[in-house]
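What follows is the content of my_file.txt, which has compact mmCIF, C-alpha atoms and all ligand atoms:
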# COMPACT_ATOMS: atom_id res chain seq x y z
CA MET L 96 8.50 27.11 -1.72
CA THR L 97 7.76 25.58 1.70
CA LYS L 98 8.28 28.06 4.49
CA LYS L 99 10.41 26.57 7.27
CA SER L 100 7.66 27.20 9.81
CA GLN L 101 5.05 25.45 7.66
CA GLY L 102 7.08 22.39 6.77
CA LYS L 103 6.60 18.87 8.04
CA PHE L 104 7.33 17.79 11.64
CA GLU L 105 11.09 17.28 11.23
CA THR L 106 11.50 20.64 9.47
CA ARG L 107 9.49 22.50 12.09
CA ALA L 108 11.39 20.74 14.89
CA ILE L 109 14.60 22.28 13.60
CA HIS L 110 13.43 25.69 12.41
CA VAL L 111 10.47 26.92 14.50
CA GLY L 112 11.86 29.14 17.25
CA ASN L 113 15.36 28.85 15.79
CA LYS L 114 15.70 31.76 13.32
CA SER L 115 19.30 32.84 12.73
CA ASN L 116 20.25 36.02 14.57
CA ALA L 117 19.37 39.00 12.34
CA ARG L 118 22.42 41.11 13.29
CA THR L 119 25.23 38.56 13.59
CA GLY L 120 23.86 35.72 11.48
CA SER L 121 24.61 33.16 14.23
CA VAL L 122 22.73 30.05 13.10
CA SER L 123 22.10 28.99 16.68
CA PRO L 124 20.22 31.90 18.28
CA ALA L 125 21.65 33.40 21.47
CA ILE L 126 20.41 32.51 24.95
CA HIS L 127 18.94 35.35 26.96
CA LEU L 128 20.44 34.69 30.39
CA THR L 129 18.87 37.66 32.09
CA SER L 130 16.44 38.10 34.95
CA THR L 131 15.34 41.61 33.97
CA PHE L 132 15.14 43.92 30.93
CA GLU L 133 15.97 47.58 30.37
CA GLN L 134 12.84 49.65 29.73
CA ASP L 135 12.66 52.79 27.57
CA GLY L 136 10.43 54.75 29.95
CA ILE L 137 7.55 54.26 32.35
CA GLY L 138 5.24 51.66 30.81
CA LYS L 139 7.58 51.37 27.82
CA ASP L 140 9.21 47.94 27.80
CA ARG L 141 10.19 46.19 24.58
CA GLY L 142 7.84 43.25 25.14
CA PHE L 143 9.95 41.88 27.98
CA ASP L 144 10.11 43.10 31.56
CA TYR L 145 11.09 40.30 33.97
CA SER L 146 12.07 36.70 33.21
CA ARG L 147 9.57 34.99 35.52
CA ALA L 148 6.85 36.50 33.33
CA VAL L 149 8.51 36.31 29.92
CA ASN L 150 11.89 35.48 28.42
CA PRO L 151 12.92 35.39 24.72
CA THR L 152 14.59 31.96 24.93
CA ARG L 153 11.57 30.49 26.71
CA ASN L 154 9.30 32.05 24.08
CA ARG L 155 11.29 30.35 21.33
CA PHE L 156 11.05 26.97 23.05
CA GLU L 157 7.32 27.37 23.62
CA GLU L 158 6.80 28.32 19.97
CA ASN L 159 8.72 25.22 18.89
CA ILE L 160 6.74 22.79 21.06
CA ALA L 161 3.37 24.38 20.24
CA SER L 162 4.12 23.74 16.58
CA LEU L 163 5.19 20.12 17.18
CA GLU L 164 2.05 19.36 19.23
CA ASN L 165 -0.20 21.00 16.60
CA GLY L 166 -1.37 23.59 19.14
CA LYS L 167 -1.49 27.40 19.26
CA TYR L 168 0.17 27.85 22.64
CA ALA L 169 2.75 26.02 24.75
CA ILE L 170 3.34 27.06 28.35
CA SER L 171 6.53 25.69 29.89
CA PHE L 172 7.33 24.78 33.48
CA SER L 173 10.26 23.67 35.63
CA SER L 174 9.02 20.04 35.73
CA GLY L 175 6.21 17.82 34.52
CA MET L 176 4.68 17.92 37.98
CA ALA L 177 4.74 21.74 37.95
CA ALA L 178 2.88 21.63 34.62
CA THR L 179 0.20 19.22 35.92
CA THR L 180 -0.19 21.27 39.10
CA ALA L 181 -0.52 24.50 37.08
CA LEU L 182 -3.32 22.94 35.06
CA PHE L 183 -5.24 22.05 38.24
CA GLN L 184 -4.49 25.51 39.68
CA THR L 185 -6.75 27.00 36.99
CA LEU L 186 -9.66 25.36 38.88
CA SER L 187 -11.40 26.47 42.08
CA GLN L 188 -12.46 24.95 45.35
CA GLY L 189 -15.20 22.33 44.85
CA ASP L 190 -14.26 21.53 41.25
CA HIS L 191 -13.97 17.85 40.36
CA ILE L 192 -11.51 16.01 38.11
CA VAL L 193 -11.65 12.46 36.72
CA VAL L 194 -8.14 10.94 36.45
CA SER L 195 -6.86 7.71 34.85
CA GLN L 196 -6.36 5.23 37.69
CA ASN L 197 -3.00 4.05 36.43
CA VAL L 198 -1.25 7.48 36.22
CA TYR L 199 2.38 8.20 37.08
CA GLY L 200 2.92 7.86 40.86
CA GLY L 201 3.91 11.52 41.26
CA THR L 202 0.63 12.62 39.65
CA TYR L 203 -1.22 10.42 42.13
CA ARG L 204 0.81 11.88 45.04
CA VAL L 205 0.23 15.55 44.18
CA ILE L 206 -3.50 14.88 43.82
CA ASP L 207 -3.84 12.72 46.93
CA GLU L 208 -1.57 14.59 49.31
CA VAL L 209 -1.53 18.21 48.09
CA LEU L 210 -4.39 19.27 45.81
CA SER L 211 -7.08 17.34 47.69
CA ARG L 212 -6.26 19.47 50.76
CA HIS L 213 -6.90 22.59 48.66
CA GLY L 214 -10.53 21.80 47.98
CA LEU L 215 -10.32 20.05 44.61
CA THR L 216 -11.93 16.62 44.38
CA PHE L 217 -10.73 13.71 42.26
CA ASP L 218 -11.87 10.26 41.17
CA PHE L 219 -9.39 7.71 39.86
CA VAL L 220 -11.10 5.71 37.15
CA ASP L 221 -10.11 3.06 34.62
CA THR L 222 -10.36 5.39 31.61
CA ARG L 223 -10.31 2.46 29.17
CA ASP L 224 -13.95 2.02 30.16
CA MET L 225 -16.22 4.73 28.70
CA ASN L 226 -19.19 3.72 30.88
CA LEU L 227 -17.09 4.04 34.01
CA ILE L 228 -15.92 7.50 33.00
CA GLU L 229 -19.47 8.67 32.28
CA ALA L 230 -20.68 7.26 35.60
CA HIS L 231 -18.18 9.47 37.45
CA ILE L 232 -19.06 12.74 35.70
CA ARG L 233 -20.82 15.22 38.01
CA PRO L 234 -22.03 18.80 37.51
CA GLU L 235 -18.75 20.00 39.16
CA THR L 236 -16.51 17.93 36.85
CA LYS L 237 -14.23 20.34 34.96
CA ILE L 238 -11.40 18.20 33.59
CA ILE L 239 -10.84 14.59 32.58
CA PHE L 240 -7.11 13.94 32.89
CA ILE L 241 -5.87 10.83 31.14
CA GLU L 242 -2.47 9.29 30.63
CA THR L 243 -2.21 7.10 27.53
CA PRO L 244 -0.44 4.78 27.39
CA THR L 245 -0.25 4.63 31.18
CA ASN L 246 2.78 4.26 33.35
CA PRO L 247 3.85 1.43 33.78
CA LEU L 248 1.09 -0.92 32.53
CA LEU L 249 0.75 0.72 29.12
CA GLU L 250 -3.04 0.76 29.19
CA VAL L 251 -4.42 2.70 26.23
CA SER L 252 -7.44 5.03 26.51
CA ASP L 253 -9.41 6.19 23.47
CA ILE L 254 -8.69 9.93 23.15
CA ALA L 255 -11.27 10.59 20.38
CA ALA L 256 -14.08 8.79 22.22
CA ILE L 257 -13.32 10.48 25.56
CA SER L 258 -13.09 13.84 23.81
CA GLU L 259 -16.61 13.35 22.40
CA LEU L 260 -17.89 12.53 25.87
CA CYS L 261 -16.16 15.63 27.25
CA LYS L 262 -17.73 17.86 24.61
CA LYS L 263 -21.18 16.45 25.42
CA HIS L 264 -20.70 17.39 29.09
CA ASN L 265 -18.74 20.63 28.52
CA ILE L 266 -15.62 19.26 30.22
CA LEU L 267 -11.99 19.77 29.16
CA LEU L 268 -9.91 16.76 28.19
CA ALA L 269 -6.23 16.80 29.21
CA VAL L 270 -3.81 14.12 28.00
CA ASP L 271 -0.43 13.32 29.55
CA ASN L 272 1.44 12.57 26.30
CA THR L 273 4.83 12.00 27.96
CA PHE L 274 5.19 8.38 26.88
CA MET L 275 4.59 8.99 23.16
CA SER L 276 6.05 12.53 22.75
CA PRO L 277 4.68 14.97 20.14
CA TYR L 278 6.21 12.72 17.45
CA GLY L 279 4.34 9.57 18.43
CA GLN L 280 0.83 10.81 19.27
CA SER L 281 -1.07 14.04 18.65
CA PRO L 282 -3.88 14.28 21.25
CA LEU L 283 -5.08 17.71 20.06
CA SER L 284 -5.73 16.20 16.62
CA PHE L 285 -7.98 13.60 18.31
CA GLY L 286 -10.01 16.32 20.05
CA ALA L 287 -8.17 16.79 23.36
CA ASP L 288 -8.09 20.33 24.76
CA ILE L 289 -4.75 20.21 26.58
CA VAL L 290 -1.61 18.14 26.23
CA MET L 291 0.77 17.74 29.15
CA HIS L 292 4.39 16.61 28.92
CA SER L 293 7.15 15.80 31.28
CA GLY L 294 9.78 17.46 29.07
CA THR L 295 12.28 15.54 31.19
CA LYS L 296 11.61 12.49 29.02
CA HIS L 297 11.62 12.28 25.19
CA ILE L 298 11.58 16.05 24.65
CA GLY L 299 14.78 16.58 26.65
CA GLY L 300 15.88 13.12 25.58
CA HIS L 301 19.34 13.00 27.18
CA SER L 302 18.51 12.49 30.89
CA ASP L 303 19.99 15.88 31.80
CA ILE L 304 17.04 18.30 32.19
CA VAL L 305 13.85 18.32 34.29
CA SER L 306 11.02 20.25 32.62
CA GLY L 307 7.29 20.27 31.89
CA LEU L 308 4.83 21.63 29.34
CA LEU L 309 1.16 22.28 28.66
CA ILE L 310 -0.03 22.79 25.08
CA THR L 311 -3.46 24.01 23.99
CA SER L 312 -5.28 25.87 21.24
CA ASN L 313 -7.90 27.22 23.66
CA ASP L 314 -7.32 31.00 24.00
CA ALA L 315 -9.01 31.41 27.40
CA LEU L 316 -7.26 28.41 28.89
CA ALA L 317 -3.89 29.60 27.54
CA ASP L 318 -4.47 33.00 29.18
CA SER L 319 -5.10 31.44 32.58
CA LEU L 320 -2.11 29.11 32.21
CA TYR L 321 0.24 31.99 31.35
CA PHE L 322 -1.17 33.79 34.38
CA ILE L 323 -0.44 30.79 36.64
CA GLN L 324 3.02 30.41 35.07
CA LYS L 325 4.05 33.97 35.92
CA SER L 326 2.18 34.18 39.24
CA VAL L 327 3.27 30.87 40.76
CA GLY L 328 6.66 31.03 39.03
CA ALA L 329 7.56 27.36 38.41
CA ILE L 330 9.38 28.34 35.21
CA PRO L 331 12.26 26.65 33.35
CA SER L 332 15.56 28.58 33.16
CA PRO L 333 16.61 30.16 29.85
CA PHE L 334 19.51 27.72 29.72
CA ASP L 335 17.17 24.71 30.07
CA CYS L 336 14.93 26.15 27.34
CA TRP L 337 17.95 26.53 25.06
CA LEU L 338 19.01 22.92 25.70
CA LEU L 339 15.44 21.72 25.12
CA LEU L 340 15.32 23.57 21.79
CA ARG L 341 18.52 21.80 20.85
CA SER L 342 16.96 18.47 21.88
CA THR L 343 13.76 18.77 19.86
CA LYS L 344 15.81 19.05 16.65
CA THR L 345 16.51 15.31 16.94
CA LEU L 346 13.20 14.28 18.56
CA SER L 347 11.88 12.45 15.49
CA LEU L 348 15.09 10.43 15.04
CA ARG L 349 15.35 9.49 18.71
CA VAL L 350 11.70 8.56 19.24
CA GLN L 351 11.48 6.50 16.04
CA LYS L 352 14.72 4.63 16.74
CA SER L 353 13.85 3.85 20.38
CA ALA L 354 10.38 2.63 19.32
CA ASP L 355 11.89 0.41 16.59
CA ASN L 356 14.33 -1.01 19.16
CA ALA L 357 11.49 -1.55 21.65
CA GLN L 358 9.34 -3.43 19.11
CA PHE L 359 12.28 -5.73 18.34
CA ILE L 360 13.04 -6.33 22.04
CA ALA L 361 9.37 -6.87 22.99
CA GLU L 362 8.87 -9.49 20.27
CA TRP L 363 11.98 -11.34 21.44
CA LEU L 364 11.06 -11.11 25.15
CA GLU L 365 7.70 -12.71 24.36
CA THR L 366 9.58 -15.86 23.35
CA HIS L 367 11.79 -15.98 26.47
CA SER L 368 10.91 -18.67 29.03
CA ALA L 369 12.03 -16.58 32.06
CA VAL L 370 9.48 -13.86 31.23
CA ASP L 371 5.92 -14.50 32.39
CA GLU L 372 4.29 -11.54 30.66
CA VAL L 373 5.35 -8.86 28.17
CA ILE L 374 3.24 -5.71 28.03
CA TYR L 375 3.85 -3.59 24.92
CA PRO L 376 1.16 -1.92 22.76
CA GLY L 377 3.01 -3.00 19.60
CA LEU L 378 2.39 -6.68 20.33
CA LYS L 379 -0.74 -8.39 19.00
CA SER L 380 -1.16 -9.84 22.51
CA HIS L 381 -1.76 -6.33 23.93
CA PRO L 382 -5.52 -5.99 24.57
CA GLN L 383 -5.65 -2.56 22.93
CA HIS L 384 -3.21 -3.16 20.11
CA GLU L 385 -5.80 -2.10 17.49
CA LEU L 386 -6.60 1.18 19.29
CA ALA L 387 -2.88 1.90 19.78
CA LYS L 388 -2.36 1.26 16.06
CA LYS L 389 -4.77 4.01 15.03
CA GLN L 390 -4.06 6.49 17.85
CA GLN L 391 -0.28 6.25 18.19
CA VAL L 392 0.78 7.45 14.79
CA ASN L 393 3.91 9.32 13.73
CA PRO L 394 3.77 12.35 11.41
CA GLU L 395 4.21 10.09 8.35
CA GLY L 396 1.03 8.27 9.35
CA ASN L 397 2.73 5.07 10.55
CA SER L 398 1.77 3.37 13.80
CA ILE L 399 4.40 3.68 16.53
CA PHE L 400 4.22 2.00 19.91
CA GLY L 401 6.73 3.83 22.10
CA SER L 402 9.92 2.93 23.92
CA LEU L 403 8.46 1.48 27.13
CA ILE L 404 8.03 -2.23 27.75
CA SER L 405 6.85 -3.76 31.01
CA ILE L 406 7.68 -7.35 31.85
CA ARG L 407 6.73 -9.66 34.68
CA LEU L 408 9.29 -12.15 35.95
CA LYS L 409 8.57 -15.28 37.95
CA SER L 410 9.75 -14.11 41.40
CA GLU L 411 11.22 -11.20 43.37
CA GLU L 412 14.47 -13.14 43.43
CA ALA L 413 14.54 -13.21 39.64
CA VAL L 414 13.97 -9.42 39.63
CA ASN L 415 16.89 -8.92 42.05
CA THR L 416 19.21 -11.06 39.95
CA PHE L 417 18.14 -9.20 36.81
CA VAL L 418 18.85 -5.71 38.19
CA LYS L 419 22.21 -6.88 39.61
CA ASN L 420 23.32 -8.39 36.29
CA ILE L 421 22.15 -5.73 33.86
CA GLU L 422 25.02 -3.81 32.22
CA ILE L 423 24.00 -1.68 29.24
CA PHE L 424 20.61 -0.88 30.75
CA THR L 425 21.00 1.39 33.81
CA PHE L 426 18.94 0.70 36.91
CA ALA L 427 17.23 4.09 37.32
CA GLU L 428 13.86 5.85 37.21
CA SER L 429 12.81 7.96 34.22
CA LEU L 430 12.45 7.18 30.53
CA GLY L 431 12.67 8.61 27.04
CA GLY L 432 16.43 9.25 27.05
CA VAL L 433 18.98 8.02 24.54
CA GLU L 434 20.23 5.51 27.10
CA SER L 435 18.23 2.41 28.09
CA LEU L 436 16.97 2.29 31.67
CA VAL L 437 15.18 -0.27 33.80
CA CYS L 438 13.20 0.27 37.00
CA VAL L 439 10.95 -1.57 39.43
CA PRO L 440 7.81 0.62 39.44
CA TYR L 441 6.49 -0.94 42.69
CA ASP L 442 9.32 0.58 44.74
CA MET L 443 10.46 3.41 42.48
CA THR L 444 8.08 5.43 40.22
CA HIS L 445 5.02 4.21 42.14
CA GLY L 446 6.60 4.08 45.62
CA SER L 447 4.10 6.67 46.91
CA VAL L 448 0.97 4.82 45.71
CA PRO L 449 -0.68 2.79 48.52
CA LYS L 450 0.17 -0.93 48.39
CA ALA L 451 -3.43 -2.08 48.10
CA MET L 452 -4.02 0.24 45.15
CA LYS L 453 -0.84 -0.98 43.42
CA HIS L 454 -1.94 -4.60 43.77
CA GLU L 455 -5.41 -3.75 42.53
CA MET L 456 -3.87 -2.12 39.44
CA GLY L 457 -1.42 -4.98 38.80
CA ILE L 458 1.76 -3.13 39.78
CA THR L 459 3.46 -6.02 41.56
CA THR L 460 6.97 -6.56 42.95
CA THR L 461 7.81 -8.80 39.97
CA LEU L 462 7.06 -6.09 37.40
CA LEU L 463 9.99 -4.41 35.62
CA ARG L 464 9.70 -1.40 33.31
CA LEU L 465 12.23 -1.07 30.51
CA SER L 466 12.83 2.27 28.80
CA VAL L 467 14.53 1.32 25.55
CA GLY L 468 17.08 3.81 24.25
CA ILE L 469 18.80 4.22 20.92
CA GLU L 470 21.77 1.91 21.45
CA ASN L 471 22.37 -0.99 19.06
CA LYS L 472 19.40 -3.36 19.36
CA ALA L 473 21.52 -6.54 19.25
CA ASP L 474 23.61 -5.22 22.17
CA LEU L 475 20.44 -4.49 24.14
CA LYS L 476 19.05 -7.96 23.45
CA GLN L 477 22.33 -9.58 24.50
CA ASP L 478 22.35 -7.55 27.74
CA LEU L 479 18.80 -8.60 28.59
CA ARG L 480 19.57 -12.22 27.71
CA GLN L 481 22.54 -12.43 30.10
CA ALA L 482 20.64 -10.60 32.89
CA LEU L 483 17.62 -12.91 32.57
C1 LIG D 501 3.89 9.93 32.49
C2 LIG D 501 4.56 10.94 33.38
N1 LIG D 501 3.92 12.07 33.66
C3 LIG D 501 4.47 13.03 34.47
C4 LIG D 501 5.72 12.84 35.04
C5 LIG D 501 6.29 13.90 35.93
O1 LIG D 501 7.29 14.63 35.26
P1 LIG D 501 8.56 15.29 35.98
O2 LIG D 501 9.36 14.18 36.57
O3 LIG D 501 9.24 16.03 34.87
O4 LIG D 501 8.05 16.21 37.02
C6 LIG D 501 6.42 11.66 34.77
C7 LIG D 501 7.73 11.43 35.39
O5 LIG D 501 8.26 10.32 35.37
C8 LIG D 501 5.82 10.68 33.92
O6 LIG D 501 6.44 9.52 33.64

Would you mind writing the file's structure down as structure tokens?
Amino acid sequence: MTKKSQGKFETRAIHVGNKSNARTGSVSPAIHLTSTFEQDGIGKDRGFDYSRAVNPTRNRFEENIASLENGKYAISFSSGMAATTALFQTLSQGDHIVVSQNVYGGTYRVIDEVLSRHGLTFDFVDTRDMNLIEAHIRPETKIIFIETPTNPLLEVSDIAAISELCKKHNILLAVDNTFMSPYGQSPLSFGADIVMHSGTKHIGGHSDIVSGLLITSNDALADSLYFIQKSVGAIPSPFDCWLLLRSTKTLSLRVQKSADNAQFIAEWLETHSAVDEVIYPGLKSHPQHELAKKQQVNPEGNSIFGSLISIRLKSEEAVNTFVKNIEIFTFAESLGGVESLVCVPYDMTHGSVPKAMKHEMGITTTLLRLSVGIENKADLKQDLRQAL
């Protein structure tokens, strides 16, 4: 008989961290909304003392996500940015990090305007290019931090190849896996050391929670991350952890459906005369379609290309008309929710990236990023058609 905790992805998503309550039998385990815990004597707690350090509901959520990401440990945070910052807080003054040049704007901002003032040094590099990465490695380089696919240009970096390079130089590889979710890509299985998530996106999945995660199988790294989690204190609330546990039960259904919708929409957009360019890893026209096919794989072993599509229209005026006319899609930042969203990365998600750098990367004022949800695909197509 398959144990619930050793089943396949969908089984683990529902059962790991979700054992029925032993005393009452409640199928949905209780939330521990408590800041502190009664102790039986001096130095005699029952495994829990204070909720910044440890909380039973948070433990259950972390157990669930660790299992889904094929890791030993998950350490949760109050936002994706808190998770990324915690990872860099394990380093010391003088340490160096290589970062994908096309990362989420908030990642760029925390590096450029906060962490650089604290003595860490960074290089932003096109991590699609192995030679370029190797050329930037120095004796002080401790982490290579990649986002794949990137936000919003959906550039794909080769996790297995970069992991080999990291091992050769004794560097840790961290992957922001927000866009694919644990269902759509398993960086630890390709040799990465740490996976980062904005849990705000597919993991939460309903645009109602902000959260972040780091997952690893490295014991020493997990120890220092738990230490940062309790010392710095950017923790998620027990209630958020409970909601997130509820969300991961349907992660596989949501991520697969939104990716299927996105593939359908991307193929249609490629035929539309008002659209100058469609960027989607599931299209043969995507320069790294073959790499995406082998790296972005769901637990059944099928390629999956995510729910994000970027398109370039012919003018800023066309972009304005589009965002005014759109009805089912909501004009808002974020992604990975059940509802479809559209944003203009130039002014929104990447507003804090310097203009020259945005232009160099190809993030122009005519670029739109669609986050495709799980609505009916014909309705979504019709909405895009009338807005275009
Ligand atoms: C790829 C990626 N990484 C990290 C983040 C930051 O996560 P959060 O907004 O939960 O802090 C985001 C947010 O949009 C993102 O898209």

Practice prompt. Counting only C-alpha atoms and all ligand atoms, figure out which residue out of L:His384, L:Lys409, L:Arg464, L:Lys379 gets nearest to ligand LIG 501 (chain D).
Written response: L:Arg464

May I have the residues within 10 Å of ligand LIG 501 (chain D), computed using all atoms listed in the file, as a PDB file with C-alpha atoms, in the coordinates of the input?
ATOM      1  CA  PHE L 172       7.330  24.780  33.480  1.00  0.00           C
ATOM      2  CA  SER L 173      10.260  23.670  35.630  1.00  0.00           C
ATOM      3  CA  SER L 174       9.020  20.040  35.730  1.00  0.00           C
ATOM      4  CA  GLY L 175       6.210  17.820  34.520  1.00  0.00           C
ATOM      5  CA  MET L 176       4.680  17.920  37.980  1.00  0.00           C
ATOM      6  CA  ALA L 177       4.740  21.740  37.950  1.00  0.00           C
ATOM      7  CA  ALA L 178       2.880  21.630  34.620  1.00  0.00           C
ATOM      8  CA  THR L 179       0.200  19.220  35.920  1.00  0.00           C
ATOM      9  CA  THR L 180      -0.190  21.270  39.100  1.00  0.00           C
ATOM     10  CA  ASN L 197      -3.000   4.050  36.430  1.00  0.00           C
ATOM     11  CA  VAL L 198      -1.250   7.480  36.220  1.00  0.00           C
ATOM     12  CA  TYR L 199       2.380   8.200  37.080  1.00  0.00           C
ATOM     13  CA  GLY L 200       2.920   7.860  40.860  1.00  0.00           C
ATOM     14  CA  GLY L 201       3.910  11.520  41.260  1.00  0.00           C
ATOM     15  CA  THR L 202       0.630  12.620  39.650  1.00  0.00           C
ATOM     16  CA  TYR L 203      -1.220  10.420  42.130  1.00  0.00           C
ATOM     17  CA  ILE L 241      -5.870  10.830  31.140  1.00  0.00           C
ATOM     18  CA  GLU L 242      -2.470   9.290  30.630  1.00  0.00           C
ATOM     19  CA  THR L 243      -2.210   7.100  27.530  1.00  0.00           C
ATOM     20  CA  PRO L 244      -0.440   4.780  27.390  1.00  0.00           C
ATOM     21  CA  THR L 245      -0.250   4.630  31.180  1.00  0.00           C
ATOM     22  CA  ASN L 246       2.780   4.260  33.350  1.00  0.00           C
ATOM     23  CA  PRO L 247       3.850   1.430  33.780  1.00  0.00           C
ATOM     24  CA  VAL L 270      -3.810  14.120  28.000  1.00  0.00           C
ATOM     25  CA  ASP L 271      -0.430  13.320  29.550  1.00  0.00           C
ATOM     26  CA  ASN L 272       1.440  12.570  26.300  1.00  0.00           C
ATOM     27  CA  THR L 273       4.830  12.000  27.960  1.00  0.00           C
ATOM     28  CA  PHE L 274       5.190   8.380  26.880  1.00  0.00           C
ATOM     29  CA  MET L 275       4.590   8.990  23.160  1.00  0.00           C
ATOM     30  CA  MET L 291       0.770  17.740  29.150  1.00  0.00           C
ATOM     31  CA  HIS L 292       4.390  16.610  28.920  1.00  0.00           C
ATOM     32  CA  SER L 293       7.150  15.800  31.280  1.00  0.00           C
ATOM     33  CA  GLY L 294       9.780  17.460  29.070  1.00  0.00           C
ATOM     34  CA  THR L 295      12.280  15.540  31.190  1.00  0.00           C
ATOM     35  CA  LYS L 296      11.610  12.490  29.020  1.00  0.00           C
ATOM     36  CA  GLY L 299      14.780  16.580  26.650  1.00  0.00           C
ATOM     37  CA  ILE L 304      17.040  18.300  32.190  1.00  0.00           C
ATOM     38  CA  VAL L 305      13.850  18.320  34.290  1.00  0.00           C
ATOM     39  CA  SER L 306      11.020  20.250  32.620  1.00  0.00           C
ATOM     40  CA  GLY L 307       7.290  20.270  31.890  1.00  0.00           C
ATOM     41  CA  LEU L 308       4.830  21.630  29.340  1.00  0.00           C
ATOM     42  CA  GLU L 428      13.860   5.850  37.210  1.00  0.00           C
ATOM     43  CA  SER L 429      12.810   7.960  34.220  1.00  0.00           C
ATOM     44  CA  LEU L 430      12.450   7.180  30.530  1.00  0.00           C
ATOM     45  CA  GLY L 431      12.670   8.610  27.040  1.00  0.00           C
ATOM     46  CA  THR L 444       8.080   5.430  40.220  1.00  0.00           C
ATOM     47  CA  HIS L 445       5.020   4.210  42.140  1.00  0.00           C
TER      48      HIS L 445
END

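Interatomic distance, CA of Glu434 (chain L) against CA of Ser302 (chain L): 8.1 Å.
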
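Interatomic distance, CA of Val193 (chain L) to CA of Lys237 (chain L): 8.5 Å.
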
Per residue of region 236-341 of chain L within 9 Å of region 161-166 of chain L, note the shortest atom pair and the distance in Å to one decimal, counting only C-alpha atoms, and order the rows by chain and increasing residue number, as a tab-separated table.
residue	atom	partner	partner_atom	distance
L:Ser276	CA	L:Glu164	CA	8.7
L:Pro277	CA	L:Glu164	CA	5.2
L:Tyr278	CA	L:Leu163	CA	7.5
L:Gln280	CA	L:Glu164	CA	8.6
L:Ser281	CA	L:Glu164	CA	6.2
L:Pro282	CA	L:Glu164	CA	8.1
L:Leu283	CA	L:Asn165	CA	6.8
L:Ser284	CA	L:Asn165	CA	7.3
L:Ile289	CA	L:Gly166	CA	8.8
L:Val290	CA	L:Glu164	CA	8.0
L:Leu309	CA	L:Ala161	CA	9.0
L:Ile310	CA	L:Ala161	CA	6.1
L:Thr311	CA	L:Gly166	CA	5.3
L:Ser312	CA	L:Gly166	CA	5.0
L:Asn313	CA	L:Gly166	CA	8.7

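Closest approach to Asn154 (chain L) from the set L:Leu340, L:Ala117, L:Ala230, L:Ile239 is made by L:Leu340, with distances taken over only C-alpha atoms.
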
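Nearest to Val418 (chain L) of all the residues L:Ile266, L:Ala317, L:Ala482, L:Leu475 is L:Ala482, counting all atoms listed in the file.
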
Item to complete: Determine, counting all atoms listed in the file, which protein, DNA and RNA residues have an atom within 10 Å of an atom of Glu365 (chain L); residues of the same chain fewer than 6 positions away are not included. Present the result as a VMD selection string.
Response: chain L and resid 371 to 375 378 380 406

What would the file look like if the residues just selected were written as a tab-separated table (two decimals), in the coordinates of the input with C-alpha atoms?
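This is the output file result.tsv:
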chain	number	residue	atom	x	y	z
L	371	ASP	CA	5.92	-14.50	32.39
L	372	GLU	CA	4.29	-11.54	30.66
L	373	VAL	CA	5.35	-8.86	28.17
L	374	ILE	CA	3.24	-5.71	28.03
L	375	TYR	CA	3.85	-3.59	24.92
L	378	LEU	CA	2.39	-6.68	20.33
L	380	SER	CA	-1.16	-9.84	22.51
L	406	ILE	CA	7.68	-7.35	31.85

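Using all atoms listed in the file, the protein and nucleic acid residues lying no more than 8 Å from Phe132 (chain L), apart from those fewer than 5 places from it along its own chain, are Asp140, Phe143, Asp144 and Tyr145 of chain L.
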
Discussion item. Which residues are near region 319-327 of chain L? Cut-off 6 Å, all atoms listed in the file, ignore same chain within fewer than 2 positions. Put them as a ChimeraX atom specification.
Written reply: /L:147-148,316-317

Include C-alpha atoms and write out the residues we just selected as a PDB file, keeping the file's coordinate frame.
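Saved file out31.pdb follows:
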ATOM      1  CA  ARG L 147       9.570  34.990  35.520  1.00  0.00           C
ATOM      2  CA  ALA L 148       6.850  36.500  33.330  1.00  0.00           C
ATOM      3  CA  LEU L 316      -7.260  28.410  28.890  1.00  0.00           C
ATOM      4  CA  ALA L 317      -3.890  29.600  27.540  1.00  0.00           C
TER       5      ALA L 317
END

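For the pair CA of Thr461 (chain L) and CA of Leu386 (chain L), the separation is 27.1 Å.
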
Need the axis-aligned box for region 108-116 of chain L with 6 Å each side, so what are the centre and edges in Å to one decimal, as lines of an AutoDock Vina configuration file?
center_x = 15.4
center_y = 28.4
center_z = 14.8
size_x = 21.8
size_y = 27.3
size_z = 16.8

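Residues in contact with Phe183 (chain L) at 9 Å, where only C-alpha atoms are counted and same-chain residues fewer than 5 positions away are skipped, are listed as L:Ala178, L:Ile192, L:Leu210, L:Leu215, L:Ile238.
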
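Closest approach to Gln383 (chain L) from the set L:His454, L:Lys103, L:Arg223, L:Arg233 is made by L:Arg223, with distances taken over all atoms listed in the file.
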
Using only C-alpha atoms, determine which residues lie at most 9 Å from Val414 (chain L), disregarding the query and same-chain residues fewer than 6 positions distant; provide the list as an mmCIF file with C-alpha atoms, keeping the file's coordinate frame.
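Contents of the output file around16.cif:
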data_model
loop_
_atom_site.group_PDB
_atom_site.id
_atom_site.type_symbol
_atom_site.label_atom_id
_atom_site.label_comp_id
_atom_site.auth_asym_id
_atom_site.auth_seq_id
_atom_site.Cartn_x
_atom_site.Cartn_y
_atom_site.Cartn_z
ATOM 1 C CA ARG L 407 6.730 -9.660 34.680
ATOM 2 C CA LEU L 408 9.290 -12.150 35.950
ATOM 3 C CA VAL L 439 10.950 -1.570 39.430
ATOM 4 C CA THR L 460 6.970 -6.560 42.950
ATOM 5 C CA THR L 461 7.810 -8.800 39.970
ATOM 6 C CA LEU L 462 7.060 -6.090 37.400
ATOM 7 C CA LEU L 463 9.990 -4.410 35.620
ATOM 8 C CA LEU L 483 17.620 -12.910 32.570
#
